[in-house]
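*Asks:* Got a structure here, written out as structure tokens. Questions coming.
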Amino acid sequence: MTAETNKVAVVTGAARGIGLATAERFLSDGWRVALLDIDEPTLRTAAGPLSGALALTCDVAEPGQVASAIAQVVDRFGRIDALVNNAGTAVFKPLLQTSFEEWKRVLDVNLSGPFLCAQACAPIMIANGGGSIVNITSISGLRASTLRVAYGTSKAGLMHLTKQQAAELGEVGIRVNAVSPGPVDTAMAKAVHSPAIRADYHDAIPLNRYGREQEIADAIRFLCSEQASYITGQTLAVDGGFDAVGIGLPSLREEM
């Protein structure tokens with residue numbers, strides 16, 4: 001094997017969407033990949049045709065399950081070079097209607113999950129000379145909006161966790177960054193975003209479209225590559241310019 005094809009990536013939330021696209025992106029470059037997801041039937045179906053993939057059912061909010069999954073990755077592949085903390089969940093409710101149980105579950109998955117997975121993977125990376133961690137945050141962690149009190153807060157926390165991890169792990173050869181997607185044409189978005197919601201997003205995005213899962217995967221892959229060897233502690237917004245602008249795009253477009 002070459003140095004590149006010997007490498008191993010762990011991708012959580014990999015049964016669908018951005019996680020699956022990311023796993024496929026690593027595999028296309030010759031990496032071996034462990035796909036972790038809580039949804040076992042969908043995970044098995046997704047991983048079935050992927051050569052070089054290991055599918056593991058795992059709830060990233062459960063320390064025991066994370067430890068078991070990472071142990072299986074090491075048993076199978078012997079090393080870990082990249083961790084992509086993509087697994088996430090959301091509750092879209094008003095602040096006063098969000099229960100503590102819903103709040104806790106969102107933070108457990110979206111914030112404690114990346115904490116646990118990084119703790120489990122980092123010692124393996126250190127033993128092999130280092131690696132890269134990419135946490136998948138969200139534009140909701142940069143900009144507040146209604147119905148996202150738990151989700152947005154968890155993603156904002158994950159951005160700071162990224163900096164904390166980068167600060168402590170840099171000297172042992174592990175770079176830690178985050179990718180913050182804007183609106184992406186995932187299956188979930190297509191199912192729940194009405195035409196009115198999609199129009200609102202288009203009005204607020206300079207590139208005037210939703211992102212593609214593969215575009216997010218490309219950014220993640222870049223941050224795990226040697227081309228990003230001096231980048232750590234950063235959050236890269238892959239959002240079509242959504243976070244860069246305020247109001248006024250529709251009026252501007254009418255004048256152009």
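Chain labels follow the order of the structure tokens: the first chain is A, the next B, and so on; residue numbering restarts at 1 in every chain, and ligands are counted from 1 in their shown order.
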Taking 5 positions as the minimum chain separation for residues in the same chain, which residues sit within 8 Å of Leu36 of chain A when counting only C-alpha atoms? Answer as a list in words.
*Replies:* Val10, Val11, Thr12, Gly13, Ala14, Ala15, Leu43, Ala55, Leu56, Thr57, Cys58 and Ala69 of chain A
*Asks:* Please identify which residues in segment 144-188 of chain A DSSP calls helix (DSSP H, G or I) from the backbone, and express them as a PyMOL selection string.
*Replies:* chain A and resi 149-172+187-188
*Asks:* Can you write just those residues out, C-alpha atoms, as a short mmCIF file (atom, residue, chain, number, x, y, z; two decimals), in the first residue's frame?
*Replies:*
```cif
data_model
loop_
_atom_site.label_atom_id
_atom_site.label_comp_id
_atom_site.auth_asym_id
_atom_site.auth_seq_id
_atom_site.Cartn_x
_atom_site.Cartn_y
_atom_site.Cartn_z
CA VAL A 149 -32.35 26.96 20.56
CA ALA A 150 -30.84 23.52 21.22
CA TYR A 151 -29.38 22.92 17.78
CA GLY A 152 -27.80 26.34 17.34
CA THR A 153 -26.39 26.36 20.85
CA SER A 154 -24.88 22.90 20.41
CA LYS A 155 -23.20 23.92 17.16
CA ALA A 156 -21.85 27.15 18.64
CA GLY A 157 -20.41 25.07 21.48
CA LEU A 158 -18.87 22.69 18.95
CA MET A 159 -17.06 25.58 17.29
CA HIS A 160 -15.43 26.45 20.59
CA LEU A 161 -14.69 22.80 21.34
CA THR A 162 -12.85 22.78 17.99
CA LYS A 163 -10.58 25.57 19.26
CA GLN A 164 -10.03 23.83 22.59
CA GLN A 165 -9.11 20.58 20.87
CA ALA A 166 -6.80 22.39 18.45
CA ALA A 167 -5.05 24.19 21.31
CA GLU A 168 -4.33 20.99 23.21
CA LEU A 169 -3.69 18.52 20.40
CA GLY A 170 -1.52 20.61 18.08
CA GLU A 171 1.76 19.72 19.79
CA VAL A 172 1.07 16.00 19.39
CA ALA A 187 -32.70 14.36 1.64
CA MET A 188 -33.91 15.91 4.90
#
```
*Asks:* Show me, as a list in words, the residues that have an atom within 9 Å of Ala237 of chain A when counting only C-alpha atoms, minus same-chain residues fewer than 4 positions from it.
*Replies:*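 Close residues of Ala237 of chain A: Ser138, Ile139, Ala178, Val179, Ser180, Pro181, Gly182, Gly241, Phe242 and Asp243 of chain A.
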*Asks:* Write to file, as a PDB file, in the first residue's frame, the residues of the selection just made, with N, CA and C atoms.
*Replies:*
```pdb
ATOM      1  N   SER A 138     -22.429  24.140  11.953  1.00  0.00           N
ATOM      2  CA  SER A 138     -23.564  24.597  11.146  1.00  0.00           C
ATOM      3  C   SER A 138     -23.569  26.113  11.126  1.00  0.00           C
ATOM      4  N   ILE A 139     -24.139  26.646  10.102  1.00  0.00           N
ATOM      5  CA  ILE A 139     -24.346  28.084  10.057  1.00  0.00           C
ATOM      6  C   ILE A 139     -25.212  28.524  11.239  1.00  0.00           C
ATOM      7  N   ALA A 178     -13.154  22.868  11.863  1.00  0.00           N
ATOM      8  CA  ALA A 178     -14.594  22.648  11.714  1.00  0.00           C
ATOM      9  C   ALA A 178     -15.039  23.103  10.332  1.00  0.00           C
ATOM     10  N   VAL A 179     -16.040  22.441   9.818  1.00  0.00           N
ATOM     11  CA  VAL A 179     -16.726  22.879   8.609  1.00  0.00           C
ATOM     12  C   VAL A 179     -18.144  23.248   9.008  1.00  0.00           C
ATOM     13  N   SER A 180     -18.556  24.433   8.601  1.00  0.00           N
ATOM     14  CA  SER A 180     -19.878  24.954   8.958  1.00  0.00           C
ATOM     15  C   SER A 180     -20.737  25.053   7.702  1.00  0.00           C
ATOM     16  N   PRO A 181     -21.539  24.034   7.402  1.00  0.00           N
ATOM     17  CA  PRO A 181     -22.357  24.086   6.193  1.00  0.00           C
ATOM     18  C   PRO A 181     -23.497  25.084   6.323  1.00  0.00           C
ATOM     19  N   GLY A 182     -23.819  25.709   5.216  1.00  0.00           N
ATOM     20  CA  GLY A 182     -25.065  26.461   5.111  1.00  0.00           C
ATOM     21  C   GLY A 182     -26.152  25.519   4.634  1.00  0.00           C
ATOM     22  N   GLY A 241     -21.804  31.910   0.896  1.00  0.00           N
ATOM     23  CA  GLY A 241     -21.749  33.316   1.302  1.00  0.00           C
ATOM     24  C   GLY A 241     -22.831  33.732   2.275  1.00  0.00           C
ATOM     25  N   PHE A 242     -23.619  32.781   2.748  1.00  0.00           N
ATOM     26  CA  PHE A 242     -24.764  33.084   3.608  1.00  0.00           C
ATOM     27  C   PHE A 242     -24.367  33.882   4.843  1.00  0.00           C
ATOM     28  N   ASP A 243     -23.268  33.486   5.503  1.00  0.00           N
ATOM     29  CA  ASP A 243     -22.877  34.165   6.737  1.00  0.00           C
ATOM     30  C   ASP A 243     -22.225  35.516   6.482  1.00  0.00           C
TER      31      ASP A 243
END
```
*Asks:* Would you mind telling me which residue in A:Val176, A:Leu223, A:Ala61, A:Val238 lies nearest to Tyr210 of chain A when using only C-alpha atoms?
*Replies:*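 Of A:Val176, A:Leu223, A:Ala61, A:Val238, the one nearest Tyr210 of chain A, counting only C-alpha atoms, is A:Val238.
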*Asks:* Report, in Å to a single decimal, how far apart atom CA of His202 of chain A and atom CA of Gln97 of chain A are.
*Replies:* 28.7 Å
*Asks:* Run DSSP on the backbone and tell me which residues of segment 44-247 of chain A come out as strand (DSSP E or B); list them as a PyMOL selection string.
*Replies:* chain A and resi 53-57+82-85+93+131-136+148+174-181+184+211+235-238
*Asks:* Nearest to Asp37 of chain A: which of A:Ser51, A:Val109, A:Cys121, A:Glu24 is it, counting only C-alpha atoms?
*Replies:*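 Ranking A:Ser51, A:Val109, A:Cys121, A:Glu24 by distance to Asp37 of chain A, first place goes to A:Val109.
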*Asks:* For a test of reading the model, state the distance in Å between atom CA of Trp31 of chain A and atom CA of Thr235 of chain A, rounded to one decimal.
*Replies:*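 Calculated distance between atom CA of Trp31 of chain A and atom CA of Thr235 of chain A is 24.0 Å.
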*Asks:* By how many Å are atom CA of Gly88 of chain A and atom CA of Thr137 of chain A apart?
*Replies:*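 Between atom CA of Gly88 of chain A and atom CA of Thr137 of chain A the gap works out to 9.1 Å.
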*Asks:* Residues near Gly19 of chain A, anyone? I mean within 9 Å using only C-alpha atoms, not counting same-chain ones fewer than 6 positions away, as number ranges by chain.
*Replies:* A: 11-13, 35, 84-87, 213, 217
*Asks:* Take the residues from that selection and put them in a file with N, CA and C atoms, as a PDB file, in the first residue's frame.
*Replies:*
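Saved to selection_32.pdb:
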```pdb
ATOM      1  N   VAL A  11     -15.818   8.237  10.099  1.00  0.00           N
ATOM      2  CA  VAL A  11     -16.851   9.230   9.808  1.00  0.00           C
ATOM      3  C   VAL A  11     -18.104   8.842  10.582  1.00  0.00           C
ATOM      4  N   THR A  12     -18.576   9.739  11.437  1.00  0.00           N
ATOM      5  CA  THR A  12     -19.807   9.470  12.183  1.00  0.00           C
ATOM      6  C   THR A  12     -21.005  10.059  11.433  1.00  0.00           C
ATOM      7  N   GLY A  13     -22.175   9.524  11.726  1.00  0.00           N
ATOM      8  CA  GLY A  13     -23.365   9.955  11.003  1.00  0.00           C
ATOM      9  C   GLY A  13     -23.224   9.678   9.518  1.00  0.00           C
ATOM     10  N   LEU A  35     -17.512   3.681   8.862  1.00  0.00           N
ATOM     11  CA  LEU A  35     -18.750   4.454   8.860  1.00  0.00           C
ATOM     12  C   LEU A  35     -19.523   4.127  10.131  1.00  0.00           C
ATOM     13  N   VAL A  84     -14.038  12.452  11.375  1.00  0.00           N
ATOM     14  CA  VAL A  84     -15.018  13.453  10.959  1.00  0.00           C
ATOM     15  C   VAL A  84     -16.238  13.302  11.856  1.00  0.00           C
ATOM     16  N   ASN A  85     -16.426  14.268  12.739  1.00  0.00           N
ATOM     17  CA  ASN A  85     -17.558  14.249  13.677  1.00  0.00           C
ATOM     18  C   ASN A  85     -18.772  14.888  13.008  1.00  0.00           C
ATOM     19  N   ASN A  86     -19.502  14.068  12.258  1.00  0.00           N
ATOM     20  CA  ASN A  86     -20.639  14.555  11.487  1.00  0.00           C
ATOM     21  C   ASN A  86     -21.981  14.216  12.123  1.00  0.00           C
ATOM     22  N   ALA A  87     -22.043  13.204  12.969  1.00  0.00           N
ATOM     23  CA  ALA A  87     -23.321  12.786  13.543  1.00  0.00           C
ATOM     24  C   ALA A  87     -23.996  13.945  14.266  1.00  0.00           C
ATOM     25  N   GLU A 213     -24.019  18.017  -1.182  1.00  0.00           N
ATOM     26  CA  GLU A 213     -23.324  17.204  -0.186  1.00  0.00           C
ATOM     27  C   GLU A 213     -21.859  17.017  -0.557  1.00  0.00           C
ATOM     28  N   ALA A 217     -18.256  17.609   1.444  1.00  0.00           N
ATOM     29  CA  ALA A 217     -17.269  16.522   1.559  1.00  0.00           C
ATOM     30  C   ALA A 217     -15.906  16.956   1.042  1.00  0.00           C
TER      31      ALA A 217
END
```
